[in-house]
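Structure below is target.csv: CSV, C-alpha atoms.
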```csv
chain,number,residue,atom,x,y,z
C,192,MET,CA,118.7,70.8,93.0
C,193,ARG,CA,120.0,67.5,94.3
C,194,HIS,CA,120.7,67.3,98.0
C,195,THR,CA,123.0,64.7,99.6
C,196,THR,CA,123.8,63.8,103.1
C,197,LEU,CA,127.6,63.6,103.7
C,198,GLY,CA,128.9,60.1,104.6
C,199,ARG,CA,127.0,58.6,107.5
C,200,GLY,CA,126.3,61.9,109.2
C,201,ALA,CA,123.5,64.4,109.1
C,202,VAL,CA,125.0,67.4,107.1
C,203,ARG,CA,123.3,67.9,103.8
C,204,VAL,CA,124.8,69.7,100.8
C,205,THR,CA,123.6,70.6,97.3
C,206,GLY,CA,125.1,69.1,94.2
C,207,LEU,CA,126.4,72.5,93.2
C,208,SER,CA,128.2,74.5,95.8
C,209,PHE,CA,129.5,78.1,96.1
C,210,GLY,CA,133.2,78.5,96.4
C,211,ALA,CA,133.8,81.8,98.2
C,212,ALA,CA,137.5,82.4,97.5
C,213,GLY,CA,136.5,84.9,94.8
C,214,ILE,CA,134.5,87.1,97.1
C,215,GLY,CA,137.6,87.2,99.2
C,216,ASN,CA,139.2,89.3,96.5
C,217,LEU,CA,141.0,86.4,94.8
C,218,TYR,CA,143.5,88.0,92.3
C,219,THR,CA,141.4,91.2,91.9
C,220,PRO,CA,139.1,93.2,94.1
C,221,VAL,CA,135.4,92.5,94.3
C,222,GLU,CA,133.1,95.3,95.5
C,223,PRO,CA,131.0,94.5,98.6
C,224,ASP,CA,127.7,94.9,96.8
C,225,ASP,CA,129.0,92.5,94.0
C,226,ALA,CA,130.0,90.0,96.6
C,227,ARG,CA,126.6,90.1,98.3
C,228,ALA,CA,124.9,89.8,94.9
C,229,ALA,CA,126.9,86.7,94.1
C,230,VAL,CA,125.7,85.0,97.3
C,231,ASP,CA,122.2,86.1,96.7
C,232,ALA,CA,122.3,84.7,93.2
C,233,ALA,CA,123.5,81.4,94.5
C,234,TRP,CA,120.6,81.3,97.0
C,235,ASP,CA,118.1,82.1,94.2
C,236,ALA,CA,119.6,79.3,92.1
C,237,GLY,CA,119.0,76.8,94.9
C,238,ILE,CA,122.6,76.5,96.1
C,239,ARG,CA,122.7,75.7,99.8
C,240,TYR,CA,126.3,74.8,100.4
C,241,PHE,CA,128.9,77.5,100.7
C,242,ASP,CA,132.7,76.9,101.2
C,243,THR,CA,135.2,79.4,102.6
C,244,ALA,CA,138.4,79.6,104.6
C,245,PRO,CA,140.4,82.1,106.7
C,246,HIS,CA,143.1,81.9,103.9
C,247,TYR,CA,140.7,83.5,101.4
C,248,GLY,CA,141.4,87.2,101.7
C,249,LEU,CA,142.7,87.1,105.2
C,250,GLY,CA,139.3,86.5,106.6
C,251,LEU,CA,137.4,88.7,104.1
C,252,SER,CA,135.6,85.8,102.4
C,253,GLU,CA,134.3,84.5,105.8
C,254,ARG,CA,133.1,88.0,106.8
C,255,ARG,CA,131.4,88.6,103.5
C,256,LEU,CA,129.8,85.2,103.4
C,257,GLY,CA,128.6,85.5,107.0
C,258,GLU,CA,127.0,88.9,106.4
C,259,ALA,CA,125.3,87.7,103.2
C,260,LEU,CA,123.7,84.6,104.9
C,261,ARG,CA,122.9,86.2,108.2
C,262,ASP,CA,119.2,86.6,107.6
C,263,ARG,CA,118.7,83.2,106.0
C,264,PRO,CA,117.2,80.3,108.0
C,265,ARG,CA,120.2,78.7,109.6
C,266,ASP,CA,118.9,75.1,109.2
C,267,THR,CA,118.5,75.5,105.4
C,268,TYR,CA,122.1,75.8,104.4
C,269,ALA,CA,125.6,74.4,105.1
C,270,ILE,CA,128.9,76.3,105.5
C,271,SER,CA,132.3,74.8,105.4
C,272,THR,CA,135.5,76.5,106.5
C,273,LYS,CA,139.0,75.3,107.1
C,274,VAL,CA,141.8,75.1,109.7
C,275,GLY,CA,145.5,75.0,109.5
C,276,ARG,CA,146.4,78.6,108.8
C,277,LEU,CA,146.1,81.0,111.7
C,278,LEU,CA,145.8,84.7,111.0
C,279,GLU,CA,148.1,86.8,113.2
C,280,PRO,CA,148.1,90.6,113.1
C,281,VAL,CA,151.2,92.2,111.5
C,282,PRO,CA,152.9,94.3,114.1
C,283,GLY,CA,153.6,98.0,113.5
C,284,ASP,CA,151.7,101.1,112.9
C,285,GLY,CA,152.8,101.8,109.3
C,286,PRO,CA,150.6,101.0,106.3
C,287,ALA,CA,150.5,97.4,105.3
C,288,GLY,CA,151.5,96.2,101.9
C,289,ASP,CA,149.2,93.9,99.9
C,290,ASP,CA,148.5,90.2,100.0
C,291,LEU,CA,148.9,89.5,96.3
C,292,ALA,CA,151.9,87.2,96.9
C,293,HIS,CA,149.3,84.9,98.3
C,294,GLY,CA,146.8,85.6,95.5
C,295,PHE,CA,144.4,88.0,97.2
C,296,ALA,CA,143.9,91.7,96.6
C,297,VAL,CA,143.6,92.8,100.2
C,298,PRO,CA,145.9,94.7,102.6
C,299,ALA,CA,148.4,92.5,104.3
C,300,THR,CA,147.2,93.3,107.8
C,301,HIS,CA,147.7,89.8,109.0
C,302,ARG,CA,150.2,87.0,108.2
C,303,ARG,CA,149.3,83.3,107.8
C,304,VAL,CA,151.0,80.9,110.3
C,305,TRP,CA,150.7,77.2,109.6
C,306,ASP,CA,149.3,75.5,112.7
C,307,PHE,CA,147.8,72.0,112.9
C,308,SER,CA,148.1,71.7,116.6
C,309,ALA,CA,145.0,71.0,118.7
C,310,ASP,CA,145.2,74.5,120.2
C,311,GLY,CA,145.6,75.9,116.7
C,312,VAL,CA,142.4,74.2,115.5
C,313,LEU,CA,140.5,75.6,118.5
C,314,ARG,CA,141.8,79.1,117.9
C,315,SER,CA,141.1,79.0,114.2
C,316,ILE,CA,137.5,77.8,114.6
C,317,GLU,CA,136.8,80.4,117.3
C,318,ALA,CA,138.0,83.1,115.0
C,319,SER,CA,136.1,81.7,112.0
C,320,LEU,CA,132.9,81.5,114.1
C,321,GLU,CA,133.3,85.2,115.0
C,322,ARG,CA,133.9,86.3,111.4
C,323,LEU,CA,131.0,84.2,110.1
C,324,GLY,CA,128.7,85.3,112.9
C,325,LEU,CA,127.8,81.7,113.7
C,326,ASP,CA,127.5,79.5,116.8
C,327,LEU,CA,128.5,76.2,115.0
C,328,LEU,CA,130.0,75.1,111.7
C,329,ASP,CA,128.5,72.5,109.4
C,330,ILE,CA,131.8,71.3,107.9
C,331,VAL,CA,135.5,71.9,108.8
C,332,TYR,CA,138.3,70.7,106.6
C,333,LEU,CA,142.0,70.5,107.4
C,334,HIS,CA,143.4,72.9,104.8
C,335,ASP,CA,146.4,71.7,102.7
C,336,PRO,CA,148.2,69.6,105.4
C,337,ASP,CA,150.6,68.3,102.8
C,338,ASP,CA,153.7,69.2,104.7
C,339,HIS,CA,152.2,68.8,108.1
C,340,ALA,CA,151.0,65.2,108.0
C,341,GLU,CA,152.2,64.1,111.5
C,342,GLU,CA,150.7,67.1,113.3
C,343,ALA,CA,147.5,66.9,111.2
C,344,PHE,CA,146.8,63.2,112.0
C,345,GLU,CA,148.0,63.3,115.6
C,346,GLN,CA,146.7,66.6,116.8
C,347,ALA,CA,144.4,68.5,114.3
C,348,TYR,CA,142.2,65.6,113.3
C,349,PRO,CA,141.5,64.4,116.9
C,350,ALA,CA,140.6,68.0,117.9
C,351,LEU,CA,138.1,68.1,115.1
C,352,GLU,CA,136.7,64.7,116.2
C,353,ARG,CA,136.1,66.1,119.7
C,354,LEU,CA,134.4,69.2,118.3
C,355,ARG,CA,132.2,67.0,116.2
C,356,ALA,CA,131.2,65.0,119.3
C,357,GLU,CA,130.5,68.2,121.2
C,358,GLY,CA,128.2,69.4,118.4
C,359,VAL,CA,130.3,72.5,117.5
C,360,VAL,CA,131.0,71.0,114.1
C,361,GLY,CA,128.7,68.8,112.0
C,362,ALA,CA,131.1,67.0,109.6
C,363,ILE,CA,134.9,66.9,109.4
C,364,GLY,CA,137.5,66.0,106.8
C,365,ALA,CA,140.4,67.4,104.8
C,366,GLY,CA,140.8,69.5,101.6
C,367,MET,CA,143.8,69.1,99.3
C,368,ASN,CA,145.0,69.2,95.7
C,369,GLN,CA,146.3,65.6,96.0
C,370,THR,CA,144.8,62.2,96.4
C,371,ALA,CA,147.3,60.1,98.4
C,372,MET,CA,146.9,61.9,101.8
C,373,LEU,CA,143.1,62.3,101.3
C,374,THR,CA,142.9,58.5,100.8
C,375,ARG,CA,144.9,58.0,104.0
C,376,PHE,CA,142.3,60.3,105.8
C,377,LEU,CA,139.5,58.0,104.6
C,378,ARG,CA,141.4,54.8,105.7
C,379,ASP,CA,142.9,56.0,109.0
C,380,THR,CA,140.3,58.3,110.4
C,381,ASP,CA,136.5,58.7,110.8
C,382,ALA,CA,136.3,61.7,108.5
C,383,ASP,CA,132.9,62.3,106.9
C,384,VAL,CA,134.1,64.0,103.7
C,385,VAL,CA,137.2,65.0,101.8
C,386,LEU,CA,137.5,67.9,99.4
C,387,CYS,CA,139.6,67.0,96.4
C,388,ALA,CA,140.6,69.8,94.0
C,389,GLY,CA,141.7,69.2,90.4
C,390,ARG,CA,142.2,65.5,90.6
C,391,PHE,CA,138.8,64.3,89.3
C,392,THR,CA,138.2,66.2,86.1
C,393,LEU,CA,137.9,65.5,82.4
C,394,LEU,CA,141.7,65.9,82.1
C,395,ASP,CA,142.8,64.2,85.4
C,396,GLN,CA,141.0,61.1,86.8
C,397,SER,CA,143.7,60.2,89.3
C,398,ALA,CA,141.1,60.2,92.1
C,399,LEU,CA,139.6,57.1,90.5
C,400,THR,CA,142.7,55.0,91.4
C,401,GLU,CA,142.3,54.9,95.2
C,402,LEU,CA,140.5,57.8,96.6
C,403,LEU,CA,137.0,57.4,95.1
C,404,PRO,CA,136.9,53.6,95.5
C,405,GLU,CA,138.0,54.0,99.2
C,406,ALA,CA,135.2,56.5,99.7
C,407,VAL,CA,132.6,54.1,98.3
C,408,ALA,CA,133.9,51.2,100.3
C,409,ARG,CA,133.8,53.2,103.6
C,410,GLY,CA,130.6,55.1,103.0
C,411,ARG,CA,132.2,58.5,102.9
C,412,SER,CA,131.6,61.5,100.7
C,413,VAL,CA,133.8,63.5,98.3
C,414,VAL,CA,133.4,67.1,97.3
C,415,VAL,CA,135.2,67.9,94.1
C,416,GLY,CA,136.7,71.3,93.3
C,417,GLY,CA,138.8,72.6,90.4
C,418,VAL,CA,136.7,71.0,87.8
C,419,PHE,CA,138.0,73.4,85.1
C,420,ASN,CA,141.6,72.7,86.1
C,421,SER,CA,142.1,76.5,86.6
C,422,GLY,CA,140.9,77.5,83.2
C,423,LEU,CA,141.7,75.0,80.4
C,424,LEU,CA,138.4,73.2,80.6
C,425,ALA,CA,136.5,76.5,80.8
C,426,ASP,CA,138.0,78.1,77.7
C,427,PRO,CA,140.4,75.8,75.8
C,428,ARG,CA,142.7,77.9,73.7
C,429,PRO,CA,146.3,78.8,73.2
C,430,GLY,CA,147.5,80.5,76.4
C,431,ALA,CA,145.0,78.9,78.6
C,432,THR,CA,146.1,77.7,82.1
C,433,TYR,CA,146.1,74.2,83.5
C,434,ASP,CA,146.6,73.9,87.3
C,435,TYR,CA,147.7,77.6,87.4
C,436,ALA,CA,150.5,77.3,84.8
C,437,ALA,CA,150.5,77.4,81.0
C,438,ALA,CA,148.7,74.4,79.6
C,439,PRO,CA,151.1,71.8,78.1
C,440,PRO,CA,150.5,71.3,74.3
C,441,ASP,CA,149.2,67.7,74.7
C,442,LEU,CA,146.6,68.7,77.3
C,443,LEU,CA,145.5,71.7,75.2
C,444,ASP,CA,145.1,69.5,72.2
C,445,ARG,CA,143.0,67.0,74.3
C,446,ALA,CA,140.8,69.8,75.6
C,447,LEU,CA,140.2,71.2,72.1
C,448,ARG,CA,139.2,67.7,70.9
C,449,MET,CA,136.9,67.3,73.8
C,450,ASP,CA,135.4,70.7,73.0
C,451,ALA,CA,134.7,69.6,69.5
C,452,VAL,CA,132.9,66.5,70.7
C,453,THR,CA,130.7,68.3,73.2
C,454,ARG,CA,129.8,71.0,70.7
C,455,ARG,CA,128.5,68.3,68.4
C,456,TYR,CA,125.9,67.6,71.1
C,457,GLY,CA,125.1,71.2,71.7
C,458,VAL,CA,126.8,71.0,75.2
C,459,PRO,CA,129.5,73.5,76.3
C,460,LEU,CA,132.7,71.9,77.4
C,461,ARG,CA,132.2,73.7,80.7
C,462,ALA,CA,128.9,71.9,81.3
C,463,ALA,CA,130.5,68.5,80.6
C,464,ALA,CA,133.4,69.4,83.0
C,465,LEU,CA,130.9,70.3,85.7
C,466,HIS,CA,128.7,67.2,85.2
C,467,TYR,CA,131.5,64.6,84.9
C,468,PRO,CA,132.4,64.3,88.7
C,469,LEU,CA,128.8,64.0,89.7
C,470,ARG,CA,128.6,60.7,87.7
C,471,HIS,CA,130.5,59.0,90.5
C,472,PRO,CA,128.6,57.6,93.5
C,473,ALA,CA,131.0,59.0,96.0
C,474,VAL,CA,130.7,62.6,94.8
C,475,ALA,CA,128.3,64.6,96.9
C,476,SER,CA,128.9,68.1,95.4
C,477,VAL,CA,130.9,70.0,92.8
C,478,LEU,CA,132.4,73.2,94.2
C,479,VAL,CA,132.6,76.1,91.7
C,480,GLY,CA,134.4,79.3,92.6
C,481,THR,CA,132.4,82.4,91.6
C,482,ARG,CA,132.9,86.1,92.2
C,483,SER,CA,129.8,87.7,90.6
C,484,ALA,CA,126.1,87.1,90.2
C,485,ALA,CA,126.6,86.5,86.5
C,486,GLU,CA,129.2,83.7,87.1
C,487,VAL,CA,126.8,82.1,89.7
C,488,ARG,CA,123.9,82.1,87.2
C,489,ASP,CA,126.1,80.7,84.5
C,490,ALA,CA,127.3,77.8,86.8
C,491,ALA,CA,123.7,77.1,87.8
C,492,GLU,CA,122.6,77.0,84.1
C,493,LEU,CA,125.4,74.6,83.3
C,494,ALA,CA,124.5,72.3,86.2
C,495,ALA,CA,120.8,72.3,85.0
C,496,ARG,CA,121.7,71.1,81.5
C,497,THR,CA,121.2,67.6,80.4
C,498,VAL,CA,124.3,65.9,79.1
C,499,PRO,CA,123.5,63.0,76.7
C,500,GLU,CA,124.9,59.6,77.5
C,501,ASP,CA,126.1,59.3,74.0
C,502,LEU,CA,128.5,62.3,74.6
C,503,TRP,CA,130.4,60.3,77.2
C,504,ALA,CA,130.4,57.3,75.0
C,505,GLU,CA,131.9,59.3,72.1
C,506,LEU,CA,134.6,60.8,74.4
C,507,ARG,CA,135.6,57.3,75.5
C,508,ALA,CA,135.5,56.0,71.9
C,509,GLU,CA,137.9,58.7,70.7
C,510,GLY,CA,140.3,57.9,73.6
C,511,LEU,CA,139.7,61.3,75.3
C,512,LEU,CA,138.2,60.0,78.5
C,513,GLY,CA,139.9,57.1,80.2
C,514,GLY,CA,139.2,55.6,83.6
C,515,GLU,CA,135.5,56.6,83.9
C,516,PRO,CA,133.6,54.8,86.6
C,517,GLY,CA,131.7,51.7,85.4
C,518,ALA,CA,128.0,51.7,84.7
C,519,GLU,CA,127.2,50.8,88.2
C,520,GLY,CA,128.5,54.2,89.3
C,521,LEU,CA,126.8,56.4,86.8
C,522,LEU,CA,124.2,58.8,88.0
C,523,ALA,CA,123.9,56.9,91.2
C,524,GLY,CA,124.1,59.8,93.6
C,525,ASN,CA,126.5,59.1,96.4
C,526,ASN,CA,127.0,57.1,99.6
C,527,GLY,CA,124.7,59.3,101.6
C,528,ALA,CA,121.0,59.8,101.2
C,529,VAL,CA,120.0,61.7,98.0
C,530,SER,CA,116.8,63.6,97.4
```
What is this file in structure tokens?
Amino acid sequence: MRHTTLGRGAVRVTGLSFGAAGIGNLYTPVEPDDARAAVDAAWDAGIRYFDTAPHYGLGLSERRLGEALRDRPRDTYAISTKVGRLLEPVPGDGPAGDDLAHGFAVPATHRRVWDFSADGVLRSIEASLERLGLDLLDIVYLHDPDDHAEEAFEQAYPALERLRAEGVVGAIGAGMNQTAMLTRFLRDTDADVVLCAGRFTLLDQSALTELLPEAVARGRSVVVGGVFNSGLLADPRPGATYDYAAAPPDLLDRALRMDAVTRRYGVPLRAAALHYPLRHPAVASVLVGTRSAAEVRDAAELAARTVPEDLWAELRAEGLLGGEPGAEGLLAGNNGAVS
């Protein structure tokens, strides 16, 4: 599996990465043995980059990921977590409700408190290190700072810079579902990497306008998440979801037409969706959320497929894929060292 060094730093990630929200009981419970089996399957498939966050299951994802990787050689894999939401215990001795309002099937023993202050960053990282059972973190992202821009740029980001200088964190950046603020992070800070979810897919290439060119120009890296746009590109059919809502008819039609093209080449649409972002030179890794060993193996098999160049050409010829990077960007790896 391809390995890439993020930006101008030293942290290396694999082209396919493990999104650990699922093993934090995203939407439905995952048994502990199944969560462990998913991480083990990722390891067996050659995946060496694992992404988590305190938000995912109120710390459950971090705890499970840390336990599953504890006996692995520490210098052979990278973990990213996030800051911006502190977990505070819910007062009272009565039984807690559930956390399904936030999307996770766990007891609501804690509440999330937005905090992008310097002190909040330190507290969050200290708690994450304890849950993960680690002494340092490879990558830390500011998590969804959309409504907290001033605090994120003036307090949280400088705190991450100091931690990077001290060696507590290897690489720093921000993770969001939009491109405008991520582009600002690339322009106005010395971030190594940004995590962009849902904005560089077969159905949404908005990251090509500013974000990805900025990353190339400045020698930074981009990790891409949400490549299936929450379901439509995984299984295009009536009733499928796009960005967590019912897919609009025009996008459903476009996905179905894409599916027909990829099938003619013997390639599942899911494989094309996973491969597409990796064609850009700024993209270091594609993050796929998985919750079982079977889902991990499926993602690894999709990543290992060969997608014919003629498939991309036909998608463009039929007007289904606009704004793809030029030939100079295709299959070029990314700004960091690739091996």
Which is closer to C:Pro349 than all the others in C:Phe241, C:Asp329, C:Gly324, C:Thr380, using only C-alpha atoms?
C:Thr380
So, with only C-alpha atoms as the atoms that count, which of C:Ala388, C:Leu207, C:Glu405, C:Leu351 lies closest to C:Leu493?
C:Leu207
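The coordinates place atom CA of C:Asp335 at 5.0 Å from atom CA of C:Met367.
Minimum distance to C:Pro220 across C:Pro298, C:Pro472, C:Gly200, C:Gly361 (counting all atoms listed in the file) occurs at C:Pro298.
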With distances taken over only C-alpha atoms, which of C:Asp395, C:Asp310, C:Glu357, C:Asp290 is nearest to C:Asn216?
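Counting only C-alpha atoms, the residue closest to C:Asn216 is C:Asp290.
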So the first atom is atom CA of C:Leu506 and the second is atom CA of C:Asp434; what is the distance between them in Å, to one decimal place?
22.0 Å
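Shell of C:Thr267 at 10 Å, with all atoms listed in the file counted and residues fewer than 6 places along the chain excluded, is C:Arg203, C:Val204, C:Arg239, C:Tyr240.
Between atom CA of C:Arg322 and atom CA of C:Gly480 the interatomic distance comes to 20.1 Å.
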Taking (148.5, 67.7, 108.9) in the coordinates of the supplied file, I want to know which residues reach to within 12 Å of it, counting only C-alpha atoms; could you give the answer as an NGL selection string?
:C and (274-276 or 305-309 or 311-312 or 332-350 or 364-367 or 372-373 or 375-376)
Spatial neighbours of stretch 425-427 of chain C, 9 Å, only C-alpha atoms, chain gap at least 3 places, as a list in words:
Val418, Phe419, Asn420, Ser421, Gly422, Gly430, Ala431, Thr432, Leu443, Asp444, Ala446, Leu447, Asp450, Pro459, Leu460, Arg461, Ala462 and Ala464 of chain C
For C:His293, list every protein, DNA or RNA residue within 9 Å, evaluated using all atoms listed in the file, and leave out those in the same chain fewer than 2 positions away; present the list as a ChimeraX atom specification.
/C:218,246,248,290-291,295-296
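Of the residues listed (C:Ala484, C:Leu469, C:Val452, C:Leu323), C:Val452 shows the shortest atom-to-atom separation from C:Trp503; distances use only C-alpha atoms.
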Show which residues sit within 9 Å of C:His466, as a ChimeraX atom specification. Count all atoms listed in the file, and ignore same-chain residues fewer than 5 positions away.
/C:461,477,493-494,496-498
